[in-house]
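Engineer: entry_32.cif (mmCIF, C-alpha atoms) pasted underneath:
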data_model
#
loop_
_atom_site.label_atom_id
_atom_site.label_comp_id
_atom_site.auth_asym_id
_atom_site.auth_seq_id
_atom_site.Cartn_x
_atom_site.Cartn_y
_atom_site.Cartn_z
CA MET A 1 0.00 0.00 0.00
CA SER A 2 1.44 3.34 -1.03
CA ARG A 3 0.98 5.83 1.77
CA ILE A 4 2.18 8.82 -0.24
CA GLY A 5 0.27 7.88 -3.39
CA ASN A 6 -3.04 7.53 -1.54
CA LYS A 7 -2.88 10.97 0.10
CA PRO A 8 -5.05 13.56 -1.66
CA ILE A 9 -3.45 16.78 -2.92
CA LEU A 10 -5.25 19.88 -1.66
CA LEU A 11 -5.57 22.50 -4.39
CA PRO A 12 -5.42 26.17 -3.31
CA ALA A 13 -8.15 28.48 -4.64
CA ASP A 14 -5.78 30.29 -7.03
CA VAL A 15 -4.45 27.09 -8.69
CA THR A 16 -6.11 25.49 -11.72
CA VAL A 17 -5.38 21.94 -12.84
CA ASN A 18 -6.12 20.57 -16.32
CA VAL A 19 -5.78 16.80 -16.89
CA GLU A 20 -5.96 15.40 -20.42
CA ASN A 21 -5.14 11.74 -21.10
CA SER A 22 -1.72 11.31 -19.47
CA HIS A 23 -0.77 15.00 -19.38
CA ILE A 24 -1.34 17.39 -16.47
CA ASN A 25 -1.04 21.17 -16.61
CA VAL A 26 -0.94 23.20 -13.35
CA LYS A 27 -1.36 26.97 -13.47
CA GLY A 28 -1.03 29.35 -10.52
CA PRO A 29 -0.02 32.89 -9.55
CA LYS A 30 3.73 32.14 -9.73
CA GLY A 31 3.70 30.37 -13.10
CA GLU A 32 2.72 27.28 -15.03
CA LEU A 33 4.10 23.72 -15.04
CA SER A 34 3.20 20.60 -17.02
CA PHE A 35 4.04 16.92 -16.65
CA ASP A 36 3.44 13.69 -18.61
CA PHE A 37 2.62 10.80 -16.26
CA ASP A 38 2.16 7.08 -16.95
CA ALA A 39 -0.99 6.42 -19.01
CA ASN A 40 -2.04 3.57 -16.70
CA LEU A 41 -2.45 5.90 -13.72
CA ASN A 42 -5.69 7.76 -13.21
CA VAL A 43 -5.53 11.39 -12.01
CA VAL A 44 -8.90 12.75 -10.88
CA VAL A 45 -9.81 16.25 -9.69
CA GLU A 46 -12.68 16.21 -7.17
CA GLY A 47 -13.59 19.68 -5.92
CA ASN A 48 -10.48 21.17 -4.34
CA GLU A 49 -8.67 17.80 -4.10
CA LEU A 50 -6.65 15.83 -6.62
CA HIS A 51 -6.32 12.04 -6.35
CA VAL A 52 -3.81 9.75 -8.08
CA LYS A 53 -5.15 6.19 -8.44
CA ARG A 54 -3.47 3.06 -9.75
CA PRO A 55 -5.30 0.27 -11.60
CA ASN A 56 -3.51 -2.69 -9.98
CA ASP A 57 -0.87 -3.62 -7.42
CA THR A 58 1.99 -4.69 -9.68
CA LYS A 59 5.47 -3.69 -8.61
CA TRP A 60 5.73 -1.10 -11.42
CA MET A 61 2.41 0.55 -10.50
CA LYS A 62 3.36 0.71 -6.83
CA THR A 63 6.72 2.22 -7.81
CA ILE A 64 5.34 5.09 -9.90
CA HIS A 65 2.17 5.72 -7.88
CA GLY A 66 3.84 7.60 -5.01
CA THR A 67 6.41 9.23 -7.27
CA THR A 68 3.76 10.66 -9.59
CA ARG A 69 1.73 11.96 -6.65
CA ALA A 70 4.83 13.62 -5.14
CA LEU A 71 5.77 15.26 -8.46
CA ILE A 72 2.25 16.64 -8.93
CA HIS A 73 2.21 17.90 -5.32
CA ASN A 74 5.53 19.69 -5.92
CA MET A 75 4.06 21.29 -9.05
CA VAL A 76 1.02 22.56 -7.13
CA GLU A 77 3.21 23.90 -4.32
CA GLY A 78 5.62 25.49 -6.81
CA VAL A 79 3.01 27.46 -8.74
CA SER A 80 1.31 28.64 -5.54
CA LYS A 81 4.24 29.35 -3.16
CA GLY A 82 7.46 28.71 -5.09
CA PHE A 83 10.70 27.11 -3.92
CA THR A 84 13.85 28.76 -2.57
CA LYS A 85 17.37 27.52 -1.85
CA SER A 86 19.97 29.62 -0.09
CA LEU A 87 23.74 29.14 -0.33
CA GLU A 88 26.54 30.66 1.76
CA ILE A 89 30.11 31.26 0.64
CA ASN A 90 32.82 30.98 3.32
CA GLY A 91 36.48 31.83 2.79
CA VAL A 92 38.79 34.81 2.58
CA GLY A 93 38.27 36.53 -0.78
CA TYR A 94 35.46 34.18 -1.79
CA ARG A 95 32.49 36.02 -3.29
CA ALA A 96 29.76 35.92 -5.92
CA ALA A 97 28.45 38.50 -8.38
CA LEU A 98 25.75 38.75 -11.02
CA GLN A 99 26.76 39.74 -14.55
CA GLY A 100 23.77 39.83 -16.85
CA ASN A 101 22.32 36.32 -16.89
CA LYS A 102 25.33 34.69 -15.19
CA VAL A 103 26.52 34.02 -11.66
CA VAL A 104 30.24 34.77 -11.41
CA LEU A 105 32.05 33.00 -8.56
CA THR A 106 35.47 33.89 -7.21
CA VAL A 107 36.32 30.97 -4.95
CA GLY A 108 40.09 30.58 -4.79
CA TYR A 109 40.84 29.39 -8.32
CA SER A 110 43.17 31.23 -10.67
CA HIS A 111 40.10 32.14 -12.72
CA THR A 112 36.50 33.10 -12.07
CA VAL A 113 33.74 30.54 -12.63
CA GLU A 114 30.72 31.68 -14.64
CA LEU A 115 27.46 29.74 -14.47
CA PRO A 116 24.53 30.72 -16.73
CA ILE A 117 21.21 31.06 -14.89
CA PRO A 118 18.60 28.66 -16.33
CA ALA A 119 15.34 30.08 -17.67
CA GLY A 120 12.61 30.20 -15.04
CA LEU A 121 14.94 30.83 -12.09
CA LYS A 122 15.57 34.02 -10.17
CA VAL A 123 18.93 34.52 -8.46
CA GLU A 124 19.48 37.21 -5.83
CA LEU A 125 22.61 38.24 -3.96
CA PRO A 126 21.67 40.10 -0.75
CA LYS A 127 25.39 40.05 0.17
CA ASN A 128 28.32 38.98 -1.98
CA THR A 129 28.61 35.82 0.15
CA VAL A 130 24.93 34.77 0.06
CA ILE A 131 23.12 33.39 -3.00
CA ASN A 132 19.31 32.96 -3.03
CA ILE A 133 17.83 30.86 -5.83
CA SER A 134 14.05 30.81 -6.31
CA GLY A 135 11.62 29.42 -8.88
CA VAL A 136 8.50 27.34 -9.42
CA ASP A 137 10.21 24.07 -10.45
CA LYS A 138 11.64 22.29 -7.38
CA GLN A 139 13.95 20.10 -9.44
CA LEU A 140 15.40 23.03 -11.38
CA VAL A 141 16.01 25.09 -8.21
CA GLY A 142 17.73 22.17 -6.48
CA GLN A 143 19.79 21.26 -9.54
CA PHE A 144 21.15 24.77 -10.03
CA ALA A 145 21.93 25.09 -6.31
CA ALA A 146 23.82 21.78 -6.48
CA GLU A 147 25.78 22.99 -9.53
CA ILE A 148 26.84 26.14 -7.68
CA ARG A 149 27.83 24.12 -4.58
CA GLU A 150 29.82 21.70 -6.77
CA VAL A 151 32.17 24.53 -7.86
CA ARG A 152 33.83 24.56 -4.42
CA LYS A 153 32.45 22.07 -1.90
CA PRO A 154 32.96 22.97 1.77
CA GLU A 155 36.03 21.35 3.26
CA PRO A 156 36.00 19.98 6.82
CA TYR A 157 39.21 21.57 8.20
CA LYS A 158 38.69 25.32 7.77
CA GLY A 159 35.08 25.25 6.52
CA LYS A 160 35.93 27.12 3.31
CA GLY A 161 33.68 26.65 0.30
CA ILE A 162 30.05 26.95 -0.79
CA LYS A 163 27.41 25.33 1.40
CA TYR A 164 23.65 25.36 1.80
CA SER A 165 22.55 27.81 4.50
CA ASP A 166 20.91 25.04 6.55
CA GLU A 167 23.78 22.56 6.03
CA HIS A 168 26.06 21.70 8.93
CA ILE A 169 29.69 20.98 8.06
CA ARG A 170 31.28 18.52 10.44
CA ARG A 171 34.64 20.00 11.34
CA LYS A 172 37.77 17.86 11.69
CA GLU A 173 40.77 18.51 13.86
CA GLY A 174 43.97 19.05 11.91
CA LYS A 175 47.27 17.26 12.38
CA THR A 176 48.85 17.72 15.79
CA ALA A 177 52.53 17.68 16.61
CA LYS A 178 53.82 14.70 18.59
CA LYS A 179 55.03 15.41 22.08
#
When written as structure tokens, how does the structure in this file appear?
Structural biologist:
Amino acid sequence: MSRIGNKPILLPADVTVNVENSHINVKGPKGELSFDFDANLNVVVEGNELHVKRPNDTKWMKTIHGTTRALIHNMVEGVSKGFTKSLEINGVGYRAALQGNKVVLTVGYSHTVELPIPAGLKVELPKNTVINISGVDKQLVGQFAAEIREVRKPEPYKGKGIKYSDEHIRRKEGKTAKK
């Protein structure tokens, strides 16, 4: 029994959902998202709730039932509230800047690293050591945040690098001299 797949998705008043065959389109105040789900699944809108139902209990149906429900729920939440990831840059001389449609990172390399901002995302820099990424697509926001973090992962000895704002870096003790 899929616990996630059986939960109904509550639709806010300002979100409209259109289901045709195996295609769902979700429109809200923040934007619009669409998704093609498995044709065997049945997505039904009843009032202000959306239900995802599976025809049988085969392993494949059980596998995609909860996943499809979670993806649709993320779409509804994205077009109504949006998603945000925040990154912090730690290190002497480490900083970020926006140049047009690019994020330019200076993180201890002999060159700057330029990352183009994907369409549909909004990047803000309240300080030159804080990066806020927001958008309606949860996967796209998380992917771009991971790409930025990958440029210079935080290291455990001095804590230098790019980390998520809610991430805790476990610090290690360095080498000690023998007595």
Engineer: Between atom CA of Leu33 of chain A and atom CA of Val52 of chain A, what is the distance, to one decimal in Å?
Structural biologist: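 So the answer is 17.5 Å.
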Engineer: Run the PyMOL selection byres ((chain A and resi 109) around 12) on the file and write out the hits as an MDAnalysis selection string.
Structural biologist: chainID A and resid 93:95 105:108 110:113 151:152 161
Engineer: Could you pull out every residue with an atom within 12 Å of (40.3, 22.2, 2.5), file coordinates, counting only C-alpha atoms, and send them as a ChimeraX atom specification?
Structural biologist: /A:90-91,108,152-162,171-174
Engineer: Please compute the atom CA of Leu11 of chain A-atom CA of Leu140 of chain A distance, one decimal, in Å.
Structural biologist: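 According to the coordinates, atom CA of Leu11 of chain A and atom CA of Leu140 of chain A are separated by 22.1 Å.
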Engineer: Just the number, please: distance in Å from atom CA of Asn48 of chain A to atom CA of Ile72 of chain A, one decimal.
Structural biologist: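 Between atom CA of Asn48 of chain A and atom CA of Ile72 of chain A the gap works out to 14.3 Å.
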Engineer: Could you tell me which of A:Pro118, A:Val79, A:Leu41, A:Glu88 comes closest to Gln143 of chain A if we count all atoms listed in the file?
Structural biologist: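 Selected residue with least distance to Gln143 of chain A: A:Pro118.
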Engineer: Let me make sure I understand: among A:Asn42, A:Ser80, A:Asn56, A:Thr176, which one has the smallest atom-to-atom distance to Thr68 of chain A if we use only C-alpha atoms?
Structural biologist: A:Asn42
Engineer: Determine the nearest neighbour of Gly5 of chain A from the options A:Val76, A:Val17, A:Ile64, A:Ala97, counting all atoms listed in the file.
Structural biologist: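 Looking at the shortest contact to Gly5 of chain A, the residue is A:Ile64.
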Engineer: Using all atoms listed in the file, determine which residues lie at most 12 Å from Glu20 of chain A, disregarding the query and same-chain residues fewer than 3 positions distant; provide the list as a list in words.
Structural biologist: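 Here the answer would be Val17, His23, Ile24, Asn25, Val26, Ser34, Phe35, Asp36, Phe37, Ala39, Asn42, Val43, Val44 and Val45 of chain A.
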Engineer: Since fewer atoms than expected are present, regenerate N, CA and C atoms for segment 115-151 of chain A and write them as a PDB file, keeping the file's coordinate frame.
Structural biologist:
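Output contents, as saved in result.pdb:
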ATOM      1  N   LEU A 115      28.535  30.698 -14.273  1.00  0.00           N
ATOM      2  CA  LEU A 115      27.460  29.740 -14.470  1.00  0.00           C
ATOM      3  C   LEU A 115      26.235  30.471 -15.019  1.00  0.00           C
ATOM      4  N   PRO A 116      25.728  30.072 -16.195  1.00  0.00           N
ATOM      5  CA  PRO A 116      24.530  30.720 -16.730  1.00  0.00           C
ATOM      6  C   PRO A 116      23.295  30.331 -15.916  1.00  0.00           C
ATOM      7  N   ILE A 117      22.427  31.297 -15.661  1.00  0.00           N
ATOM      8  CA  ILE A 117      21.210  31.060 -14.890  1.00  0.00           C
ATOM      9  C   ILE A 117      20.164  30.450 -15.820  1.00  0.00           C
ATOM     10  N   PRO A 118      19.617  29.272 -15.480  1.00  0.00           N
ATOM     11  CA  PRO A 118      18.600  28.660 -16.330  1.00  0.00           C
ATOM     12  C   PRO A 118      17.322  29.496 -16.407  1.00  0.00           C
ATOM     13  N   ALA A 119      16.606  29.354 -17.499  1.00  0.00           N
ATOM     14  CA  ALA A 119      15.340  30.080 -17.670  1.00  0.00           C
ATOM     15  C   ALA A 119      14.343  29.611 -16.611  1.00  0.00           C
ATOM     16  N   GLY A 120      13.607  30.548 -16.047  1.00  0.00           N
ATOM     17  CA  GLY A 120      12.610  30.200 -15.040  1.00  0.00           C
ATOM     18  C   GLY A 120      13.111  30.344 -13.617  1.00  0.00           C
ATOM     19  N   LEU A 121      14.384  30.651 -13.434  1.00  0.00           N
ATOM     20  CA  LEU A 121      14.940  30.830 -12.090  1.00  0.00           C
ATOM     21  C   LEU A 121      15.281  32.288 -11.845  1.00  0.00           C
ATOM     22  N   LYS A 122      15.202  32.672 -10.580  1.00  0.00           N
ATOM     23  CA  LYS A 122      15.570  34.020 -10.170  1.00  0.00           C
ATOM     24  C   LYS A 122      16.678  33.896  -9.135  1.00  0.00           C
ATOM     25  N   VAL A 123      17.788  34.573  -9.366  1.00  0.00           N
ATOM     26  CA  VAL A 123      18.930  34.520  -8.460  1.00  0.00           C
ATOM     27  C   VAL A 123      19.138  35.904  -7.862  1.00  0.00           C
ATOM     28  N   GLU A 124      19.247  35.955  -6.534  1.00  0.00           N
ATOM     29  CA  GLU A 124      19.480  37.210  -5.830  1.00  0.00           C
ATOM     30  C   GLU A 124      20.723  37.080  -4.973  1.00  0.00           C
ATOM     31  N   LEU A 125      21.434  38.195  -4.829  1.00  0.00           N
ATOM     32  CA  LEU A 125      22.610  38.240  -3.960  1.00  0.00           C
ATOM     33  C   LEU A 125      22.429  39.359  -2.936  1.00  0.00           C
ATOM     34  N   PRO A 126      21.827  39.070  -1.763  1.00  0.00           N
ATOM     35  CA  PRO A 126      21.670  40.100  -0.750  1.00  0.00           C
ATOM     36  C   PRO A 126      23.026  40.616  -0.249  1.00  0.00           C
ATOM     37  N   LYS A 127      23.994  39.707  -0.136  1.00  0.00           N
ATOM     38  CA  LYS A 127      25.390  40.050   0.170  1.00  0.00           C
ATOM     39  C   LYS A 127      26.230  39.316  -0.862  1.00  0.00           C
ATOM     40  N   ASN A 128      27.491  39.673  -0.979  1.00  0.00           N
ATOM     41  CA  ASN A 128      28.320  38.980  -1.980  1.00  0.00           C
ATOM     42  C   ASN A 128      28.747  37.588  -1.521  1.00  0.00           C
ATOM     43  N   THR A 129      28.317  37.171  -0.323  1.00  0.00           N
ATOM     44  CA  THR A 129      28.610  35.820   0.150  1.00  0.00           C
ATOM     45  C   THR A 129      27.345  34.989   0.356  1.00  0.00           C
ATOM     46  N   VAL A 130      26.202  35.496  -0.068  1.00  0.00           N
ATOM     47  CA  VAL A 130      24.930  34.770   0.060  1.00  0.00           C
ATOM     48  C   VAL A 130      24.245  34.750  -1.305  1.00  0.00           C
ATOM     49  N   ILE A 131      23.810  33.553  -1.731  1.00  0.00           N
ATOM     50  CA  ILE A 131      23.120  33.390  -3.000  1.00  0.00           C
ATOM     51  C   ILE A 131      21.747  32.799  -2.720  1.00  0.00           C
ATOM     52  N   ASN A 132      20.683  33.468  -3.165  1.00  0.00           N
ATOM     53  CA  ASN A 132      19.310  32.960  -3.030  1.00  0.00           C
ATOM     54  C   ASN A 132      18.787  32.599  -4.415  1.00  0.00           C
ATOM     55  N   ILE A 133      18.357  31.346  -4.572  1.00  0.00           N
ATOM     56  CA  ILE A 133      17.830  30.860  -5.830  1.00  0.00           C
ATOM     57  C   ILE A 133      16.353  30.546  -5.612  1.00  0.00           C
ATOM     58  N   SER A 134      15.475  31.079  -6.469  1.00  0.00           N
ATOM     59  CA  SER A 134      14.050  30.810  -6.310  1.00  0.00           C
ATOM     60  C   SER A 134      13.423  30.539  -7.683  1.00  0.00           C
ATOM     61  N   GLY A 135      12.336  29.759  -7.660  1.00  0.00           N
ATOM     62  CA  GLY A 135      11.620  29.420  -8.880  1.00  0.00           C
ATOM     63  C   GLY A 135      10.432  28.541  -8.577  1.00  0.00           C
ATOM     64  N   VAL A 136       9.687  28.160  -9.606  1.00  0.00           N
ATOM     65  CA  VAL A 136       8.500  27.340  -9.420  1.00  0.00           C
ATOM     66  C   VAL A 136       8.795  25.849  -9.537  1.00  0.00           C
ATOM     67  N   ASP A 137       9.865  25.481 -10.227  1.00  0.00           N
ATOM     68  CA  ASP A 137      10.210  24.070 -10.450  1.00  0.00           C
ATOM     69  C   ASP A 137      11.211  23.622  -9.384  1.00  0.00           C
ATOM     70  N   LYS A 138      10.792  22.736  -8.488  1.00  0.00           N
ATOM     71  CA  LYS A 138      11.640  22.290  -7.380  1.00  0.00           C
ATOM     72  C   LYS A 138      12.913  21.612  -7.880  1.00  0.00           C
ATOM     73  N   GLN A 139      12.786  20.804  -8.913  1.00  0.00           N
ATOM     74  CA  GLN A 139      13.950  20.100  -9.440  1.00  0.00           C
ATOM     75  C   GLN A 139      14.959  21.061 -10.025  1.00  0.00           C
ATOM     76  N   LEU A 140      14.510  22.064 -10.748  1.00  0.00           N
ATOM     77  CA  LEU A 140      15.400  23.030 -11.380  1.00  0.00           C
ATOM     78  C   LEU A 140      16.123  23.891 -10.337  1.00  0.00           C
ATOM     79  N   VAL A 141      15.401  24.302  -9.287  1.00  0.00           N
ATOM     80  CA  VAL A 141      16.010  25.090  -8.210  1.00  0.00           C
ATOM     81  C   VAL A 141      17.086  24.276  -7.509  1.00  0.00           C
ATOM     82  N   GLY A 142      16.767  23.030  -7.164  1.00  0.00           N
ATOM     83  CA  GLY A 142      17.730  22.170  -6.480  1.00  0.00           C
ATOM     84  C   GLY A 142      18.933  21.825  -7.344  1.00  0.00           C
ATOM     85  N   GLN A 143      18.703  21.598  -8.628  1.00  0.00           N
ATOM     86  CA  GLN A 143      19.790  21.260  -9.540  1.00  0.00           C
ATOM     87  C   GLN A 143      20.775  22.413  -9.692  1.00  0.00           C
ATOM     88  N   PHE A 144      20.259  23.635  -9.863  1.00  0.00           N
ATOM     89  CA  PHE A 144      21.150  24.770 -10.030  1.00  0.00           C
ATOM     90  C   PHE A 144      21.903  25.071  -8.739  1.00  0.00           C
ATOM     91  N   ALA A 145      21.243  24.904  -7.596  1.00  0.00           N
ATOM     92  CA  ALA A 145      21.930  25.090  -6.310  1.00  0.00           C
ATOM     93  C   ALA A 145      23.044  24.061  -6.150  1.00  0.00           C
ATOM     94  N   ALA A 146      22.797  22.824  -6.566  1.00  0.00           N
ATOM     95  CA  ALA A 146      23.820  21.780  -6.480  1.00  0.00           C
ATOM     96  C   ALA A 146      24.989  22.071  -7.417  1.00  0.00           C
ATOM     97  N   GLU A 147      24.703  22.645  -8.602  1.00  0.00           N
ATOM     98  CA  GLU A 147      25.780  22.990  -9.530  1.00  0.00           C
ATOM     99  C   GLU A 147      26.662  24.094  -8.963  1.00  0.00           C
ATOM    100  N   ILE A 148      26.050  25.072  -8.305  1.00  0.00           N
ATOM    101  CA  ILE A 148      26.840  26.140  -7.680  1.00  0.00           C
ATOM    102  C   ILE A 148      27.680  25.571  -6.553  1.00  0.00           C
ATOM    103  N   ARG A 149      27.100  24.716  -5.715  1.00  0.00           N
ATOM    104  CA  ARG A 149      27.830  24.120  -4.580  1.00  0.00           C
ATOM    105  C   ARG A 149      28.987  23.255  -5.074  1.00  0.00           C
ATOM    106  N   GLU A 150      28.801  22.610  -6.217  1.00  0.00           N
ATOM    107  CA  GLU A 150      29.820  21.700  -6.770  1.00  0.00           C
ATOM    108  C   GLU A 150      31.101  22.446  -7.175  1.00  0.00           C
ATOM    109  N   VAL A 151      31.005  23.753  -7.446  1.00  0.00           N
ATOM    110  CA  VAL A 151      32.170  24.530  -7.860  1.00  0.00           C
ATOM    111  C   VAL A 151      33.254  24.486  -6.789  1.00  0.00           C
TER     112      VAL A 151
END
